[in-house]
$ cat structure09.cif   # mmCIF, N, CA and C atoms
data_final
#
loop_
_atom_site.group_PDB
_atom_site.id
_atom_site.type_symbol
_atom_site.label_atom_id
_atom_site.label_comp_id
_atom_site.auth_asym_id
_atom_site.auth_seq_id
_atom_site.Cartn_x
_atom_site.Cartn_y
_atom_site.Cartn_z
ATOM 1 N N MET A 1 19.515 -9.917 0.090
ATOM 2 C CA MET A 1 18.078 -9.892 0.219
ATOM 3 C C MET A 1 17.672 -8.801 1.210
ATOM 4 N N SER A 2 16.688 -8.040 0.838
ATOM 5 C CA SER A 2 16.153 -7.000 1.711
ATOM 6 C C SER A 2 15.048 -7.579 2.583
ATOM 7 N N GLU A 3 14.741 -6.869 3.641
ATOM 8 C CA GLU A 3 13.630 -7.243 4.503
ATOM 9 C C GLU A 3 12.584 -6.157 4.444
ATOM 10 N N LEU A 4 11.331 -6.551 4.577
ATOM 11 C CA LEU A 4 10.232 -5.603 4.581
ATOM 12 C C LEU A 4 10.314 -4.747 5.836
ATOM 13 N N GLU A 5 10.309 -3.454 5.683
ATOM 14 C CA GLU A 5 10.352 -2.510 6.807
ATOM 15 C C GLU A 5 8.944 -2.357 7.362
ATOM 16 N N LEU A 6 8.727 -2.804 8.602
ATOM 17 C CA LEU A 6 7.406 -2.723 9.206
ATOM 18 C C LEU A 6 7.304 -1.625 10.265
ATOM 19 N N GLU A 7 8.426 -1.060 10.650
ATOM 20 C CA GLU A 7 8.396 0.084 11.568
ATOM 21 C C GLU A 7 8.120 1.341 10.755
ATOM 22 N N SER A 8 7.538 2.334 11.403
ATOM 23 C CA SER A 8 7.236 3.584 10.700
ATOM 24 C C SER A 8 8.510 4.161 10.092
ATOM 25 N N ASN A 9 8.441 4.474 8.820
ATOM 26 C CA ASN A 9 9.592 4.985 8.097
ATOM 27 C C ASN A 9 9.240 6.293 7.387
ATOM 28 N N PHE A 10 8.122 6.894 7.771
ATOM 29 C CA PHE A 10 7.651 8.129 7.155
ATOM 30 C C PHE A 10 8.409 9.334 7.705
ATOM 31 N N THR A 11 8.753 10.245 6.819
ATOM 32 C CA THR A 11 9.300 11.516 7.294
ATOM 33 C C THR A 11 8.169 12.460 7.684
ATOM 34 N N ASP A 12 6.988 12.285 7.060
ATOM 35 C CA ASP A 12 5.826 13.123 7.348
ATOM 36 C C ASP A 12 4.555 12.294 7.146
ATOM 37 N N PRO A 13 4.230 11.425 8.112
ATOM 38 C CA PRO A 13 3.066 10.555 7.933
ATOM 39 C C PRO A 13 1.762 11.316 7.748
ATOM 40 N N ASP A 14 1.579 12.400 8.490
ATOM 41 C CA ASP A 14 0.344 13.175 8.353
ATOM 42 C C ASP A 14 0.255 13.831 6.976
ATOM 43 N N GLY A 15 1.387 14.295 6.488
ATOM 44 C CA GLY A 15 1.418 14.902 5.160
ATOM 45 C C GLY A 15 1.091 13.898 4.076
ATOM 46 N N PHE A 16 1.640 12.677 4.210
ATOM 47 C CA PHE A 16 1.329 11.645 3.227
ATOM 48 C C PHE A 16 -0.143 11.282 3.275
ATOM 49 N N TYR A 17 -0.678 11.101 4.479
ATOM 50 C CA TYR A 17 -2.088 10.741 4.610
ATOM 51 C C TYR A 17 -2.970 11.827 3.993
ATOM 52 N N ALA A 18 -2.641 13.081 4.252
ATOM 53 C CA ALA A 18 -3.420 14.184 3.684
ATOM 54 C C ALA A 18 -3.346 14.172 2.155
ATOM 55 N N ALA A 19 -2.160 13.924 1.606
ATOM 56 C CA ALA A 19 -2.004 13.874 0.146
ATOM 57 C C ALA A 19 -2.775 12.696 -0.440
ATOM 58 N N LEU A 20 -2.725 11.536 0.235
ATOM 59 C CA LEU A 20 -3.447 10.365 -0.233
ATOM 60 C C LEU A 20 -4.956 10.608 -0.199
ATOM 61 N N ALA A 21 -5.440 11.162 0.900
ATOM 62 C CA ALA A 21 -6.866 11.482 0.991
ATOM 63 C C ALA A 21 -7.247 12.517 -0.068
ATOM 64 N N GLY A 22 -6.343 13.463 -0.317
ATOM 65 C CA GLY A 22 -6.613 14.513 -1.287
ATOM 66 C C GLY A 22 -6.781 13.999 -2.707
ATOM 67 N N ILE A 23 -5.992 12.993 -3.102
ATOM 68 C CA ILE A 23 -6.131 12.496 -4.472
ATOM 69 C C ILE A 23 -7.417 11.694 -4.653
ATOM 70 N N HIS A 24 -8.024 11.261 -3.544
ATOM 71 C CA HIS A 24 -9.281 10.524 -3.617
ATOM 72 C C HIS A 24 -10.501 11.422 -3.461
ATOM 73 N N ARG A 25 -10.288 12.626 -2.975
ATOM 74 C CA ARG A 25 -11.402 13.542 -2.731
ATOM 75 C C ARG A 25 -12.127 13.833 -4.045
ATOM 76 N N ASP A 26 -13.419 13.742 -3.984
ATOM 77 C CA ASP A 26 -14.295 14.033 -5.134
ATOM 78 C C ASP A 26 -14.113 13.055 -6.293
ATOM 79 N N ARG A 27 -13.577 11.874 -6.033
ATOM 80 C CA ARG A 27 -13.439 10.838 -7.068
ATOM 81 C C ARG A 27 -14.472 9.754 -6.808
ATOM 82 N N ASP A 28 -14.966 9.150 -7.873
ATOM 83 C CA ASP A 28 -15.880 8.029 -7.680
ATOM 84 C C ASP A 28 -15.070 6.789 -7.278
ATOM 85 N N GLU A 29 -15.770 5.751 -6.841
ATOM 86 C CA GLU A 29 -15.099 4.557 -6.321
ATOM 87 C C GLU A 29 -14.201 3.901 -7.369
ATOM 88 N N LYS A 30 -14.673 3.816 -8.594
ATOM 89 C CA LYS A 30 -13.889 3.177 -9.656
ATOM 90 C C LYS A 30 -12.580 3.926 -9.898
ATOM 91 N N THR A 31 -12.639 5.241 -9.929
ATOM 92 C CA THR A 31 -11.430 6.044 -10.137
ATOM 93 C C THR A 31 -10.482 5.893 -8.958
ATOM 94 N N SER A 32 -11.014 5.878 -7.732
ATOM 95 C CA SER A 32 -10.176 5.690 -6.546
ATOM 96 C C SER A 32 -9.488 4.327 -6.572
ATOM 97 N N GLN A 33 -10.201 3.301 -7.004
ATOM 98 C CA GLN A 33 -9.597 1.977 -7.097
ATOM 99 C C GLN A 33 -8.479 1.956 -8.136
ATOM 100 N N ARG A 34 -8.664 2.645 -9.244
ATOM 101 C CA ARG A 34 -7.619 2.716 -10.274
ATOM 102 C C ARG A 34 -6.397 3.467 -9.753
ATOM 103 N N ILE A 35 -6.633 4.541 -9.004
ATOM 104 C CA ILE A 35 -5.518 5.291 -8.406
ATOM 105 C C ILE A 35 -4.747 4.390 -7.450
ATOM 106 N N ASN A 36 -5.461 3.660 -6.582
ATOM 107 C CA ASN A 36 -4.795 2.764 -5.631
ATOM 108 C C ASN A 36 -4.005 1.688 -6.351
ATOM 109 N N ALA A 37 -4.576 1.103 -7.394
ATOM 110 C CA ALA A 37 -3.876 0.060 -8.144
ATOM 111 C C ALA A 37 -2.602 0.614 -8.777
ATOM 112 N N ARG A 38 -2.683 1.793 -9.360
ATOM 113 C CA ARG A 38 -1.494 2.408 -9.967
ATOM 114 C C ARG A 38 -0.441 2.708 -8.910
ATOM 115 N N LEU A 39 -0.885 3.228 -7.760
ATOM 116 C CA LEU A 39 0.053 3.542 -6.681
ATOM 117 C C LEU A 39 0.756 2.280 -6.193
ATOM 118 N N ILE A 40 0.008 1.200 -6.037
ATOM 119 C CA ILE A 40 0.605 -0.067 -5.611
ATOM 120 C C ILE A 40 1.672 -0.519 -6.596
ATOM 121 N N LEU A 41 1.355 -0.470 -7.881
ATOM 122 C CA LEU A 41 2.318 -0.908 -8.898
ATOM 123 C C LEU A 41 3.542 0.001 -8.958
ATOM 124 N N ILE A 42 3.351 1.288 -8.818
ATOM 125 C CA ILE A 42 4.481 2.230 -8.816
ATOM 126 C C ILE A 42 5.405 1.942 -7.638
ATOM 127 N N LEU A 43 4.834 1.760 -6.447
ATOM 128 C CA LEU A 43 5.647 1.499 -5.257
ATOM 129 C C LEU A 43 6.278 0.106 -5.302
ATOM 130 N N ALA A 44 5.548 -0.883 -5.836
ATOM 131 C CA ALA A 44 6.121 -2.223 -5.980
ATOM 132 C C ALA A 44 7.313 -2.194 -6.927
ATOM 133 N N ASN A 45 7.195 -1.429 -7.990
ATOM 134 C CA ASN A 45 8.317 -1.289 -8.919
ATOM 135 C C ASN A 45 9.507 -0.640 -8.219
ATOM 136 N N HIS A 46 9.242 0.345 -7.387
ATOM 137 C CA HIS A 46 10.316 1.022 -6.653
ATOM 138 C C HIS A 46 11.021 0.036 -5.710
ATOM 139 N N ILE A 47 10.240 -0.807 -5.034
ATOM 140 C CA ILE A 47 10.817 -1.806 -4.126
ATOM 141 C C ILE A 47 11.592 -2.842 -4.916
ATOM 142 N N GLY A 48 10.945 -3.417 -5.905
ATOM 143 C CA GLY A 48 11.610 -4.316 -6.839
ATOM 144 C C GLY A 48 11.962 -5.699 -6.332
ATOM 145 N N ASP A 49 12.235 -5.878 -5.077
ATOM 146 C CA ASP A 49 12.674 -7.154 -4.508
ATOM 147 C C ASP A 49 11.476 -8.092 -4.364
ATOM 148 N N GLN A 50 11.457 -9.178 -5.133
ATOM 149 C CA GLN A 50 10.318 -10.090 -5.155
ATOM 150 C C GLN A 50 10.027 -10.697 -3.786
ATOM 151 N N GLU A 51 11.045 -11.026 -3.018
ATOM 152 C CA GLU A 51 10.815 -11.608 -1.686
ATOM 153 C C GLU A 51 10.135 -10.603 -0.761
ATOM 154 N N VAL A 52 10.553 -9.357 -0.812
ATOM 155 C CA VAL A 52 9.933 -8.310 0.001
ATOM 156 C C VAL A 52 8.484 -8.117 -0.430
ATOM 157 N N LEU A 53 8.247 -8.106 -1.736
ATOM 158 C CA LEU A 53 6.890 -7.934 -2.243
ATOM 159 C C LEU A 53 6.000 -9.103 -1.845
ATOM 160 N N GLN A 54 6.527 -10.331 -1.894
ATOM 161 C CA GLN A 54 5.759 -11.507 -1.481
ATOM 162 C C GLN A 54 5.397 -11.420 0.001
ATOM 163 N N GLU A 55 6.352 -10.977 0.819
ATOM 164 C CA GLU A 55 6.073 -10.820 2.254
ATOM 165 C C GLU A 55 4.981 -9.778 2.471
ATOM 166 N N ALA A 56 5.049 -8.680 1.756
ATOM 167 C CA ALA A 56 4.030 -7.631 1.868
ATOM 168 C C ALA A 56 2.659 -8.166 1.453
ATOM 169 N N LEU A 57 2.612 -8.952 0.387
ATOM 170 C CA LEU A 57 1.348 -9.545 -0.053
ATOM 171 C C LEU A 57 0.779 -10.473 1.020
ATOM 172 N N ARG A 58 1.646 -11.290 1.631
ATOM 173 C CA ARG A 58 1.181 -12.196 2.688
ATOM 174 C C ARG A 58 0.607 -11.405 3.864
ATOM 175 N N ILE A 59 1.299 -10.364 4.264
ATOM 176 C CA ILE A 59 0.839 -9.555 5.395
ATOM 177 C C ILE A 59 -0.469 -8.849 5.049
ATOM 178 N N ALA A 60 -0.553 -8.289 3.853
ATOM 179 C CA ALA A 60 -1.763 -7.591 3.434
ATOM 180 C C ALA A 60 -2.960 -8.529 3.334
ATOM 181 N N ALA A 61 -2.715 -9.771 2.912
ATOM 182 C CA ALA A 61 -3.805 -10.741 2.765
ATOM 183 C C ALA A 61 -4.320 -11.228 4.110
ATOM 184 N N ASP A 62 -3.524 -11.136 5.156
ATOM 185 C CA ASP A 62 -3.931 -11.554 6.495
ATOM 186 C C ASP A 62 -4.746 -10.432 7.126
ATOM 187 N N THR A 63 -6.035 -10.451 6.872
ATOM 188 C CA THR A 63 -6.922 -9.391 7.358
ATOM 189 C C THR A 63 -7.249 -9.526 8.826
ATOM 190 N N GLY A 64 -6.896 -10.693 9.413
ATOM 191 C CA GLY A 64 -7.221 -10.922 10.810
ATOM 192 C C GLY A 64 -8.652 -11.365 11.008
ATOM 193 N N ASP A 65 -9.392 -11.492 9.909
ATOM 194 C CA ASP A 65 -10.783 -11.919 9.953
ATOM 195 C C ASP A 65 -10.826 -13.431 9.806
ATOM 196 N N ASP A 66 -11.080 -14.141 10.894
ATOM 197 C CA ASP A 66 -11.080 -15.615 10.868
ATOM 198 C C ASP A 66 -12.122 -16.168 9.904
ATOM 199 N N ASP A 67 -13.218 -15.447 9.676
ATOM 200 C CA ASP A 67 -14.267 -15.922 8.762
ATOM 201 C C ASP A 67 -13.812 -15.897 7.317
ATOM 202 N N ALA A 68 -12.802 -15.072 6.989
ATOM 203 C CA ALA A 68 -12.330 -14.948 5.609
ATOM 204 C C ALA A 68 -11.436 -16.104 5.216
ATOM 205 N N ARG A 69 -10.985 -16.900 6.177
ATOM 206 C CA ARG A 69 -10.054 -18.002 5.877
ATOM 207 C C ARG A 69 -10.778 -19.290 5.620
#

$ encode --input "structure09.cif" --output "structure tokens"
Amino acid sequence: MSELELESNFTDPDGFYAALAGIHRDRDEKTSQRINARLILILANHIGDQEVLQEALRIAADTGDDDAR
């Protein structure tokens, strides 16, 4: 079983952020949401481990907003 890597594991975090922002530039909200959904599915497929994906979902769902619970 793998564990979710929560420490920074980027070789070029600024480069990734710039590329991510770039694919959203000049896109409408609906298109940006579709891009994000596709990216999530592509990366989830790459990870593949259901336990790791479940942990990531739990962490992502915890927005820290007490009113949302």

$ select_by_dssp --input "structure09.cif" --residues "region 6-63 of chain A" --states "alpha helix (DSSP H)" --output "PyMOL selection string"
chain A and resi 13-24+29-47+50-61

$ write_last_selection --input "structure09.cif" --atoms "N, CA and C atoms" --output "CSV table (one decimal), in the coordinates of the input"
chain,number,residue,atom,x,y,z
A,13,PRO,N,4.2,11.4,8.1
A,13,PRO,CA,3.1,10.6,7.9
A,13,PRO,C,1.8,11.3,7.7
A,14,ASP,N,1.6,12.4,8.5
A,14,ASP,CA,0.3,13.2,8.4
A,14,ASP,C,0.3,13.8,7.0
A,15,GLY,N,1.4,14.3,6.5
A,15,GLY,CA,1.4,14.9,5.2
A,15,GLY,C,1.1,13.9,4.1
A,16,PHE,N,1.6,12.7,4.2
A,16,PHE,CA,1.3,11.6,3.2
A,16,PHE,C,-0.1,11.3,3.3
A,17,TYR,N,-0.7,11.1,4.5
A,17,TYR,CA,-2.1,10.7,4.6
A,17,TYR,C,-3.0,11.8,4.0
A,18,ALA,N,-2.6,13.1,4.3
A,18,ALA,CA,-3.4,14.2,3.7
A,18,ALA,C,-3.3,14.2,2.2
A,19,ALA,N,-2.2,13.9,1.6
A,19,ALA,CA,-2.0,13.9,0.1
A,19,ALA,C,-2.8,12.7,-0.4
A,20,LEU,N,-2.7,11.5,0.2
A,20,LEU,CA,-3.4,10.4,-0.2
A,20,LEU,C,-5.0,10.6,-0.2
A,21,ALA,N,-5.4,11.2,0.9
A,21,ALA,CA,-6.9,11.5,1.0
A,21,ALA,C,-7.2,12.5,-0.1
A,22,GLY,N,-6.3,13.5,-0.3
A,22,GLY,CA,-6.6,14.5,-1.3
A,22,GLY,C,-6.8,14.0,-2.7
A,23,ILE,N,-6.0,13.0,-3.1
A,23,ILE,CA,-6.1,12.5,-4.5
A,23,ILE,C,-7.4,11.7,-4.7
A,24,HIS,N,-8.0,11.3,-3.5
A,24,HIS,CA,-9.3,10.5,-3.6
A,24,HIS,C,-10.5,11.4,-3.5
A,29,GLU,N,-15.8,5.8,-6.8
A,29,GLU,CA,-15.1,4.6,-6.3
A,29,GLU,C,-14.2,3.9,-7.4
A,30,LYS,N,-14.7,3.8,-8.6
A,30,LYS,CA,-13.9,3.2,-9.7
A,30,LYS,C,-12.6,3.9,-9.9
A,31,THR,N,-12.6,5.2,-9.9
A,31,THR,CA,-11.4,6.0,-10.1
A,31,THR,C,-10.5,5.9,-9.0
A,32,SER,N,-11.0,5.9,-7.7
A,32,SER,CA,-10.2,5.7,-6.5
A,32,SER,C,-9.5,4.3,-6.6
A,33,GLN,N,-10.2,3.3,-7.0
A,33,GLN,CA,-9.6,2.0,-7.1
A,33,GLN,C,-8.5,2.0,-8.1
A,34,ARG,N,-8.7,2.6,-9.2
A,34,ARG,CA,-7.6,2.7,-10.3
A,34,ARG,C,-6.4,3.5,-9.8
A,35,ILE,N,-6.6,4.5,-9.0
A,35,ILE,CA,-5.5,5.3,-8.4
A,35,ILE,C,-4.7,4.4,-7.4
A,36,ASN,N,-5.5,3.7,-6.6
A,36,ASN,CA,-4.8,2.8,-5.6
A,36,ASN,C,-4.0,1.7,-6.4
A,37,ALA,N,-4.6,1.1,-7.4
A,37,ALA,CA,-3.9,0.1,-8.1
A,37,ALA,C,-2.6,0.6,-8.8
A,38,ARG,N,-2.7,1.8,-9.4
A,38,ARG,CA,-1.5,2.4,-10.0
A,38,ARG,C,-0.4,2.7,-8.9
A,39,LEU,N,-0.9,3.2,-7.8
A,39,LEU,CA,0.1,3.5,-6.7
A,39,LEU,C,0.8,2.3,-6.2
A,40,ILE,N,0.0,1.2,-6.0
A,40,ILE,CA,0.6,-0.1,-5.6
A,40,ILE,C,1.7,-0.5,-6.6
A,41,LEU,N,1.4,-0.5,-7.9
A,41,LEU,CA,2.3,-0.9,-8.9
A,41,LEU,C,3.5,0.0,-9.0
A,42,ILE,N,3.4,1.3,-8.8
A,42,ILE,CA,4.5,2.2,-8.8
A,42,ILE,C,5.4,1.9,-7.6
A,43,LEU,N,4.8,1.8,-6.4
A,43,LEU,CA,5.6,1.5,-5.3
A,43,LEU,C,6.3,0.1,-5.3
A,44,ALA,N,5.5,-0.9,-5.8
A,44,ALA,CA,6.1,-2.2,-6.0
A,44,ALA,C,7.3,-2.2,-6.9
A,45,ASN,N,7.2,-1.4,-8.0
A,45,ASN,CA,8.3,-1.3,-8.9
A,45,ASN,C,9.5,-0.6,-8.2
A,46,HIS,N,9.2,0.3,-7.4
A,46,HIS,CA,10.3,1.0,-6.7
A,46,HIS,C,11.0,0.0,-5.7
A,47,ILE,N,10.2,-0.8,-5.0
A,47,ILE,CA,10.8,-1.8,-4.1
A,47,ILE,C,11.6,-2.8,-4.9
A,50,GLN,N,11.5,-9.2,-5.1
A,50,GLN,CA,10.3,-10.1,-5.2
A,50,GLN,C,10.0,-10.7,-3.8
A,51,GLU,N,11.0,-11.0,-3.0
A,51,GLU,CA,10.8,-11.6,-1.7
A,51,GLU,C,10.1,-10.6,-0.8
A,52,VAL,N,10.6,-9.4,-0.8
A,52,VAL,CA,9.9,-8.3,0.0
A,52,VAL,C,8.5,-8.1,-0.4
A,53,LEU,N,8.2,-8.1,-1.7
A,53,LEU,CA,6.9,-7.9,-2.2
A,53,LEU,C,6.0,-9.1,-1.8
A,54,GLN,N,6.5,-10.3,-1.9
A,54,GLN,CA,5.8,-11.5,-1.5
A,54,GLN,C,5.4,-11.4,0.0
A,55,GLU,N,6.4,-11.0,0.8
A,55,GLU,CA,6.1,-10.8,2.3
A,55,GLU,C,5.0,-9.8,2.5
A,56,ALA,N,5.0,-8.7,1.8
A,56,ALA,CA,4.0,-7.6,1.9
A,56,ALA,C,2.7,-8.2,1.5
A,57,LEU,N,2.6,-9.0,0.4
A,57,LEU,CA,1.3,-9.5,-0.1
A,57,LEU,C,0.8,-10.5,1.0
A,58,ARG,N,1.6,-11.3,1.6
A,58,ARG,CA,1.2,-12.2,2.7
A,58,ARG,C,0.6,-11.4,3.9
A,59,ILE,N,1.3,-10.4,4.3
A,59,ILE,CA,0.8,-9.6,5.4
A,59,ILE,C,-0.5,-8.8,5.0
A,60,ALA,N,-0.6,-8.3,3.9
A,60,ALA,CA,-1.8,-7.6,3.4
A,60,ALA,C,-3.0,-8.5,3.3
A,61,ALA,N,-2.7,-9.8,2.9
A,61,ALA,CA,-3.8,-10.7,2.8
A,61,ALA,C,-4.3,-11.2,4.1

$ atom_distance --input "structure09.cif" --atom1 "atom N of Glu29 (chain A)" --atom2 "CA of Ile59 (chain A)"
25.7 Å

$ atom_distance --input "structure09.cif" --atom1 "CA of Leu4 (chain A)" --atom2 "CA of Ala56 (chain A)"
7.1 Å

$ atom_distance --input "structure09.cif" --atom1 "CA of Thr63 (chain A)" --atom2 "CA of Asp28 (chain A)"
24.7 Å

$ residues_around --input "structure09.cif" --residues "Glu3 (chain A)" --least-positions-apart "6" --cutoff "8 Å" --atoms "all atoms listed in the file" --output "list in words"
Glu51, Val52 and Leu53 of chain A
